[in-house]
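structure_22.txt (compact mmCIF, C-alpha atoms) appears below.
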# COMPACT_ATOMS: atom_id res chain seq x y z
CA MET G 26 20.88 77.83 -0.12
CA SER G 27 21.14 75.89 3.13
CA SER G 28 21.05 77.58 6.53
CA PRO G 29 24.08 77.17 8.91
CA ALA G 30 21.72 76.02 11.66
CA LEU G 31 20.76 73.02 9.58
CA MET G 32 24.38 71.97 9.18
CA THR G 33 25.04 71.66 12.92
CA SER G 34 24.62 68.43 14.82
CA PRO G 35 21.87 67.99 17.44
CA ASP G 36 24.39 68.01 20.32
CA GLN G 37 25.98 71.24 19.06
CA ALA G 38 22.58 72.82 18.61
CA ALA G 39 21.59 71.92 22.18
CA ALA G 40 24.86 73.27 23.53
CA SER G 41 24.51 76.53 21.59
CA ALA G 42 20.84 76.94 22.48
CA ALA G 43 21.33 76.56 26.24
CA PRO G 44 24.94 77.09 27.13
CA GLY G 45 24.27 77.26 30.87
CA ALA G 46 21.88 74.32 31.12
CA ALA G 47 23.15 71.08 32.61
CA ILE G 48 23.05 68.02 30.43
CA PRO G 49 20.68 65.43 31.99
CA PRO G 50 22.51 62.36 33.27
CA ARG G 51 22.28 59.32 31.09
CA ARG G 52 20.88 56.06 32.31
CA PRO G 53 23.52 53.62 33.49
CA ALA G 54 24.44 51.13 30.86
CA PHE G 55 23.24 47.56 31.08
CA SER G 56 26.74 46.34 31.79
CA ALA G 57 27.11 48.78 34.70
CA ARG G 58 23.86 47.60 36.28
CA THR G 59 24.88 44.00 35.81
CA LEU G 60 28.22 44.66 37.45
CA ARG G 61 26.53 46.38 40.39
CA TRP G 62 24.10 43.48 40.84
CA PHE G 63 27.02 41.05 40.71
CA ARG G 64 28.90 42.96 43.39
CA LEU G 65 25.87 43.02 45.67
CA ASN G 66 25.20 39.28 45.27
CA GLN G 67 28.70 37.91 44.84
CA ASP G 68 28.61 36.09 48.19
CA ARG G 69 25.38 34.30 47.31
CA LEU G 70 26.63 33.45 43.84
CA ARG G 71 29.86 32.10 45.29
CA SER G 72 27.94 29.93 47.76
CA LEU G 73 25.72 28.66 44.95
CA LEU G 74 28.68 27.78 42.74
CA VAL G 75 30.56 26.07 45.56
CA GLY G 76 27.46 24.09 46.55
CA THR G 77 26.80 23.03 42.97
CA ALA G 78 30.42 21.96 42.49
CA SER G 79 30.27 20.00 45.75
CA LEU G 80 27.17 18.09 44.62
CA ILE G 81 28.73 17.34 41.24
CA LEU G 82 31.90 16.01 42.87
CA PHE G 83 29.79 13.89 45.22
CA LEU G 84 27.90 12.35 42.29
CA ILE G 85 31.14 11.66 40.42
CA ALA G 86 32.68 9.97 43.48
CA TRP G 87 29.49 7.94 44.01
CA HIS G 88 29.52 6.85 40.36
CA LEU G 89 33.17 5.79 40.43
CA LEU G 90 32.91 3.92 43.73
CA THR G 91 29.87 1.92 42.60
CA THR G 92 31.11 1.33 39.05
CA TYR G 93 34.43 -0.15 40.16
CA ARG G 94 32.87 -1.79 43.27
CA VAL G 95 35.48 -0.37 45.60
CA VAL G 96 36.11 -2.18 48.90
CA PHE G 97 38.10 -0.02 51.28
CA PHE G 98 36.84 -0.42 54.87
CA VAL G 99 33.39 0.22 53.36
CA LYS G 100 31.95 -2.08 50.69
CA PHE G 101 30.33 -0.52 47.65
CA THR G 102 29.60 -3.83 45.94
CA ASN G 103 25.83 -3.69 46.52
CA VAL G 104 25.39 0.07 46.56
CA PRO G 105 23.28 1.20 43.58
CA ALA G 106 24.80 3.57 41.02
CA PRO G 107 23.40 7.08 40.53
CA LEU G 108 21.91 6.14 37.16
CA ALA G 109 20.07 3.21 38.73
CA VAL G 110 18.64 5.51 41.42
CA TYR G 111 17.60 7.99 38.75
CA ALA G 112 15.83 5.21 36.83
CA SER G 113 14.03 4.23 40.04
CA PHE G 114 13.05 7.86 40.56
CA THR G 115 11.57 8.23 37.06
CA LYS G 116 9.55 5.11 37.71
CA ALA G 117 8.45 6.15 41.20
CA ILE G 118 7.15 9.59 40.27
CA HIS G 119 4.56 7.91 38.06
CA ASP G 120 3.56 5.54 40.86
CA PRO G 121 0.74 6.92 43.05
CA HIS G 122 1.87 4.78 45.98
CA PHE G 123 5.23 6.58 46.18
CA LEU G 124 3.53 9.97 46.16
CA MET G 125 1.12 8.74 48.83
CA HIS G 126 4.07 7.74 51.05
CA ILE G 127 5.56 11.23 50.71
CA LEU G 128 2.27 13.02 51.37
CA LEU G 129 1.54 10.94 54.47
CA SER G 130 4.99 11.62 55.90
CA CYS G 131 4.62 15.34 55.23
CA ARG G 132 1.22 15.37 56.91
CA ARG G 133 2.60 13.62 59.98
CA ILE G 134 5.49 16.05 60.15
CA PHE G 135 3.17 19.03 59.82
CA ILE G 136 0.84 17.87 62.58
CA GLY G 137 3.51 16.70 65.01
CA PHE G 138 5.81 19.68 64.48
CA SER G 139 2.97 22.20 64.66
CA LEU G 140 1.78 20.76 67.97
CA ALA G 141 5.33 20.81 69.32
CA ALA G 142 5.77 24.47 68.32
CA VAL G 143 2.41 25.50 69.76
CA VAL G 144 3.19 23.80 73.08
CA GLY G 145 6.98 24.18 73.30
CA VAL G 146 7.39 27.89 72.53
CA PRO G 147 4.83 29.25 75.05
CA LEU G 148 5.96 26.77 77.69
CA GLY G 149 9.59 27.78 77.25
CA LEU G 150 8.67 31.46 77.50
CA ILE G 151 6.67 30.88 80.67
CA MET G 152 9.42 28.73 82.21
CA GLY G 153 11.97 31.43 81.51
CA ARG G 154 9.83 34.14 83.06
CA PHE G 155 8.40 32.40 86.13
CA LYS G 156 10.80 30.54 88.39
CA LEU G 157 8.17 28.28 89.97
CA VAL G 158 7.05 26.92 86.60
CA HIS G 159 10.69 26.30 85.68
CA GLU G 160 11.30 24.39 88.91
CA VAL G 161 8.24 22.19 88.32
CA VAL G 162 8.59 21.42 84.59
CA PHE G 163 12.35 21.43 83.97
CA PRO G 164 13.27 18.25 85.96
CA VAL G 165 10.58 16.21 84.20
CA ALA G 166 11.65 17.52 80.79
CA GLU G 167 15.31 16.74 81.48
CA VAL G 168 14.45 13.14 82.43
CA LEU G 169 12.35 12.56 79.31
CA ARG G 170 14.54 14.46 76.84
CA PRO G 171 17.41 11.89 76.49
CA ILE G 172 15.02 9.03 75.67
CA PRO G 173 15.40 8.29 71.93
CA ALA G 174 12.43 8.13 69.63
CA ILE G 175 12.83 4.41 68.99
CA ALA G 176 12.44 3.69 72.71
CA TRP G 177 9.11 5.54 72.67
CA VAL G 178 7.59 3.31 69.96
CA PRO G 179 6.26 0.51 72.25
CA MET G 180 4.91 3.03 74.76
CA ALA G 181 3.30 5.09 72.03
CA ILE G 182 1.55 2.00 70.65
CA MET G 183 0.13 1.32 74.11
CA LEU G 184 -0.87 4.95 74.70
CA TRP G 185 -2.65 5.65 71.42
CA PRO G 186 -5.38 3.54 69.76
CA THR G 187 -4.01 3.74 66.19
CA ASN G 188 -0.59 3.61 64.55
CA GLU G 189 -1.19 7.00 62.93
CA GLN G 190 -1.67 8.72 66.27
CA SER G 191 1.33 6.97 67.80
CA ILE G 192 3.59 8.04 64.91
CA VAL G 193 2.43 11.64 65.20
CA PHE G 194 3.05 11.48 68.95
CA ILE G 195 6.63 10.28 68.42
CA THR G 196 7.18 13.05 65.87
CA PHE G 197 5.83 15.53 68.40
CA LEU G 198 8.23 14.32 71.08
CA GLY G 199 11.20 14.48 68.72
CA SER G 200 10.66 18.16 67.91
CA PHE G 201 9.24 19.28 71.27
CA PHE G 202 12.36 19.13 73.42
CA PRO G 203 14.71 21.07 71.08
CA ILE G 204 12.09 23.79 70.75
CA LEU G 205 11.53 23.94 74.51
CA VAL G 206 15.22 24.00 75.45
CA ASN G 207 16.18 26.64 72.88
CA THR G 208 13.26 28.87 73.82
CA LEU G 209 14.18 28.59 77.48
CA HIS G 210 17.81 29.36 76.65
CA GLY G 211 16.74 32.47 74.75
CA MET G 212 14.75 33.70 77.74
CA THR G 213 17.73 33.33 80.07
CA LEU G 214 19.88 35.50 77.77
CA VAL G 215 17.53 38.50 77.74
CA ASP G 216 19.39 41.59 78.94
CA PRO G 217 17.97 42.57 82.37
CA VAL G 218 18.78 46.21 81.63
CA LEU G 219 16.08 46.17 78.95
CA VAL G 220 13.58 44.76 81.43
CA ARG G 221 14.39 47.41 84.05
CA ALA G 222 14.16 50.14 81.43
CA ALA G 223 10.71 48.93 80.38
CA LYS G 224 9.57 48.92 84.01
CA CYS G 225 10.88 52.44 84.53
CA LEU G 226 8.84 53.56 81.53
CA GLY G 227 5.70 52.16 83.15
CA ALA G 228 5.33 48.96 81.12
CA ARG G 229 3.25 46.23 82.71
CA GLU G 230 4.04 42.52 82.76
CA ALA G 231 2.15 41.74 79.55
CA ALA G 232 3.86 44.60 77.69
CA ILE G 233 7.30 43.56 78.96
CA PHE G 234 6.65 40.02 77.88
CA ARG G 235 5.42 41.12 74.46
CA GLU G 236 7.89 43.93 73.72
CA VAL G 237 11.08 42.73 75.45
CA TYR G 238 11.22 39.02 76.20
CA PHE G 239 9.58 37.66 73.07
CA PRO G 240 11.54 39.70 70.46
CA ALA G 241 14.83 39.05 72.26
CA SER G 242 14.15 35.31 72.32
CA LEU G 243 13.07 35.02 68.67
CA PRO G 244 16.53 34.07 67.29
CA HIS G 245 16.80 31.19 69.75
CA ILE G 246 13.19 30.17 69.13
CA PHE G 247 13.82 29.80 65.40
CA THR G 248 17.05 27.94 66.13
CA GLY G 249 15.00 25.51 68.19
CA LEU G 250 12.41 25.23 65.41
CA THR G 251 15.12 24.42 62.87
CA VAL G 252 16.75 21.81 65.09
CA GLY G 253 13.36 20.44 66.07
CA MET G 254 12.40 19.96 62.44
CA GLY G 255 15.50 17.86 61.82
CA VAL G 256 14.87 15.72 64.90
CA ALA G 257 11.22 15.40 63.90
CA TRP G 258 12.20 13.79 60.60
CA VAL G 259 14.58 11.42 62.39
CA SER G 260 11.83 10.42 64.83
CA LEU G 261 9.25 10.05 62.08
CA ILE G 262 11.42 7.77 59.95
CA ALA G 263 12.24 5.58 62.94
CA ALA G 264 8.57 5.27 63.84
CA GLU G 265 7.50 4.52 60.26
CA MET G 266 10.16 1.85 59.88
CA ILE G 267 9.09 0.06 63.04
CA SER G 268 5.33 0.46 63.33
CA GLY G 269 4.14 2.22 60.20
CA GLN G 270 2.41 0.83 57.16
CA PHE G 271 2.78 3.92 55.01
CA GLY G 272 5.24 6.79 54.74
CA ILE G 273 8.64 7.36 53.21
CA GLY G 274 10.32 5.56 56.12
CA TYR G 275 8.17 2.50 55.54
CA PHE G 276 8.93 2.73 51.80
CA THR G 277 12.66 2.68 52.50
CA TRP G 278 12.43 -0.25 54.92
CA GLU G 279 10.18 -2.20 52.55
CA ALA G 280 12.72 -1.67 49.77
CA TYR G 281 15.39 -3.16 52.01
CA SER G 282 13.16 -6.15 52.79
CA LEU G 283 12.54 -6.72 49.08
CA VAL G 284 16.26 -6.26 48.22
CA GLN G 285 15.52 -3.27 45.98
CA TYR G 286 18.71 -1.34 46.54
CA ALA G 287 17.89 1.54 44.19
CA ASP G 288 14.66 2.21 46.06
CA ILE G 289 16.58 2.31 49.34
CA ALA G 290 18.78 5.09 48.03
CA LEU G 291 15.75 6.83 46.54
CA GLY G 292 13.97 6.78 49.89
CA MET G 293 17.05 8.17 51.65
CA ILE G 294 17.42 10.97 49.10
CA ALA G 295 13.72 11.80 49.40
CA ILE G 296 14.06 12.05 53.18
CA GLY G 297 17.04 14.37 52.83
CA VAL G 298 15.32 16.61 50.28
CA LEU G 299 12.13 16.84 52.36
CA GLY G 300 14.10 17.64 55.49
CA LEU G 301 16.11 20.30 53.67
CA GLY G 302 12.97 21.87 52.26
CA SER G 303 11.34 21.96 55.69
CA SER G 304 14.37 23.68 57.24
CA LEU G 305 14.50 26.23 54.41
CA VAL G 306 10.86 27.11 55.02
CA ILE G 307 11.58 27.74 58.70
CA ARG G 308 14.64 29.87 57.90
CA ALA G 309 12.61 31.90 55.39
CA ALA G 310 9.91 32.44 58.01
CA GLY G 311 12.59 33.56 60.46
CA GLN G 312 13.87 36.17 57.98
CA LEU G 313 10.36 37.50 57.52
CA VAL G 314 9.70 37.70 61.27
CA MET G 315 13.17 39.08 62.08
CA PRO G 316 14.16 41.35 59.17
CA TRP G 317 16.81 43.01 61.32
CA ARG G 318 18.78 39.75 61.42
CA SER G 319 19.38 39.77 57.63
CA ARG G 320 20.89 43.24 57.54

Full structure transcribed into structure tokens:
Amino acid sequence: MSSPALMTSPDQAAASAAPGAAIPPRRPAFSARTLRWFRLNQDRLRSLLVGTASLILFLIAWHLLTTYRVVFFVKFTNVPAPLAVYASFTKAIHDPHFLMHILLSCRRIFIGFSLAAVVGVPLGLIMGRFKLVHEVVFPVAEVLRPIPAIAWVPMAIMLWPTNEQSIVFITFLGSFFPILVNTLHGMTLVDPVLVRAAKCLGAREAAIFREVYFPASLPHIFTGLTVGMGVAWVSLIAAEMISGQFGIGYFTWEAYSLVQYADIALGMIAIGVLGLGSSLVIRAAGQLVMPWRSR
């Protein structure tokens, strides 16, 4: 003969055994967690989808314009098709010379940009804090800043004993002035109330500089670093096309001289991808240094 307790379900048994006990909450279902993650990241997903669609539309327009050789103010008769550029890319990635061009350009960018950041950021901070230094350095910087990188190529060749040093110098100049100007601009926007409050609390000059001026100027410093990186690539490519023997700029110019149109487009795309990657690295570093900006 079976017992009545054995005929009851587990839920009924639990309810009868502890009528006053609260039922432990169940884990959220997978669909609920997915929906929550989607709501938290919907802006990023939307940006990713829009960006992907934009690139696809660009490739389709490029393919149609080159396939039908459209001539409408701009001639697409000699422009290579996307498939031709892709074929050139698959061939170039197996060529050690192409990889050498990219590595040399990246090394020049790293050296020139690093020197510009090491010199430009402290100099901008000092110019913004001390009026005498600003009065001495600012006029010279404003005279030199509008000179384009191409105009510096002959002077750089005369100043430095090798082409490598002259190209790095031009890259340094291209990124130095945006970093300096943006850092100086950030120093001028520091709230003087914060400075007076730090002085009232007994902070000395070094502490004020470290705790007030530098953190307040960080957003403008990273803006200058981002802009400086873009100008550094422009300056580097100009220098490599004119006086270089290696580098992605020289690769692009050599492709033009040899009438290899697909390689021209490949070099341009490589420059754009490298520049984008460099800017993303700087933005990521800015988010790590300034976590309050991403909130």

Of the listed residues G:Val168, G:Met293, G:Val298, G:Leu261, that which approaches Phe135 in chain G most closely, counting all atoms listed in the file: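 Among the listed residues, G:Leu261 lies closest to Phe135 in chain G.
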
Shortest interatomic distance to His126 in chain G - which of G:Ala309, G:Val178, G:Ile296, G:Ala141, counting only C-alpha atoms: G:Ile296

Compile the contact shell of range 263-268 of chain G as an mmCIF file with C-alpha atoms, in the coordinates of the input: residues with an atom at most 9 Å away, counting only C-alpha atoms, same-chain residues fewer than 3 positions apart removed.
data_model
loop_
_atom_site.group_PDB
_atom_site.id
_atom_site.type_symbol
_atom_site.label_atom_id
_atom_site.label_comp_id
_atom_site.auth_asym_id
_atom_site.auth_seq_id
_atom_site.Cartn_x
_atom_site.Cartn_y
_atom_site.Cartn_z
ATOM 1 C CA SER G 130 4.990 11.620 55.900
ATOM 2 C CA ALA G 174 12.430 8.130 69.630
ATOM 3 C CA ILE G 175 12.830 4.410 68.990
ATOM 4 C CA TRP G 177 9.110 5.540 72.670
ATOM 5 C CA VAL G 178 7.590 3.310 69.960
ATOM 6 C CA PRO G 179 6.260 0.510 72.250
ATOM 7 C CA ILE G 182 1.550 2.000 70.650
ATOM 8 C CA ASN G 188 -0.590 3.610 64.550
ATOM 9 C CA SER G 191 1.330 6.970 67.800
ATOM 10 C CA ILE G 192 3.590 8.040 64.910
ATOM 11 C CA VAL G 193 2.430 11.640 65.200
ATOM 12 C CA ILE G 195 6.630 10.280 68.420
ATOM 13 C CA THR G 196 7.180 13.050 65.870
ATOM 14 C CA TRP G 258 12.200 13.790 60.600
ATOM 15 C CA VAL G 259 14.580 11.420 62.390
ATOM 16 C CA SER G 260 11.830 10.420 64.830
ATOM 17 C CA PHE G 271 2.780 3.920 55.010
ATOM 18 C CA GLY G 272 5.240 6.790 54.740
ATOM 19 C CA ILE G 273 8.640 7.360 53.210
ATOM 20 C CA GLY G 274 10.320 5.560 56.120
ATOM 21 C CA TYR G 275 8.170 2.500 55.540
ATOM 22 C CA PHE G 276 8.930 2.730 51.800
ATOM 23 C CA THR G 277 12.660 2.680 52.500
ATOM 24 C CA TRP G 278 12.430 -0.250 54.920
ATOM 25 C CA GLU G 279 10.180 -2.200 52.550
#

Excluding range 142-153 of chain G and any residue of its chain fewer than 4 positions from it, enumerate the residues within 10 Å of it, using only C-alpha atoms, and give them as a CSV table (one decimal) with C-alpha atoms, in the frame of the given file.
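And here is the file that came out, out.csv:
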chain,number,residue,atom,x,y,z
G,137,GLY,CA,3.5,16.7,65.0
G,138,PHE,CA,5.8,19.7,64.5
G,157,LEU,CA,8.2,28.3,90.0
G,158,VAL,CA,7.0,26.9,86.6
G,159,HIS,CA,10.7,26.3,85.7
G,160,GLU,CA,11.3,24.4,88.9
G,161,VAL,CA,8.2,22.2,88.3
G,162,VAL,CA,8.6,21.4,84.6
G,163,PHE,CA,12.4,21.4,84.0
G,197,PHE,CA,5.8,15.5,68.4
G,200,SER,CA,10.7,18.2,67.9
G,201,PHE,CA,9.2,19.3,71.3
G,202,PHE,CA,12.4,19.1,73.4
G,203,PRO,CA,14.7,21.1,71.1
G,204,ILE,CA,12.1,23.8,70.8
G,205,LEU,CA,11.5,23.9,74.5
G,206,VAL,CA,15.2,24.0,75.4
G,207,ASN,CA,16.2,26.6,72.9
G,208,THR,CA,13.3,28.9,73.8
G,209,LEU,CA,14.2,28.6,77.5
G,210,HIS,CA,17.8,29.4,76.6
G,211,GLY,CA,16.7,32.5,74.8
G,212,MET,CA,14.8,33.7,77.7
G,213,THR,CA,17.7,33.3,80.1
G,214,LEU,CA,19.9,35.5,77.8
G,215,VAL,CA,17.5,38.5,77.7
G,234,PHE,CA,6.6,40.0,77.9
G,238,TYR,CA,11.2,39.0,76.2
G,239,PHE,CA,9.6,37.7,73.1
G,242,SER,CA,14.2,35.3,72.3
G,243,LEU,CA,13.1,35.0,68.7
G,246,ILE,CA,13.2,30.2,69.1
G,247,PHE,CA,13.8,29.8,65.4
G,249,GLY,CA,15.0,25.5,68.2
G,250,LEU,CA,12.4,25.2,65.4
G,253,GLY,CA,13.4,20.4,66.1
G,254,MET,CA,12.4,20.0,62.4

Coordinates-based distance that separates CA of Ala181 in chain G from CA of Glu167 in chain G (Å, one decimal): 19.2 Å

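Going from CA of Tyr93 in chain G over to CA of Ala106 in chain G, you cover 10.4 Å.
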
Give, as lines of an AutoDock Vina configuration file, the centre coordinates and the x, y and z edge lengths in Å to one decimal for an axis-aligned box around all listed atoms of range 274-287 of chain G, padded by 4 Å on each side.
center_x = 13.4
center_y = -0.6
center_z = 50.2
size_x = 18.5
size_y = 20.3
size_z = 19.9

Distance of CA of Gly76 in chain G from CA of Val96 in chain G, expressed in Å to one decimal place: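 Atom-to-atom, CA of Val96 in chain G and CA of Gly76 in chain G are spaced 27.8 Å apart.
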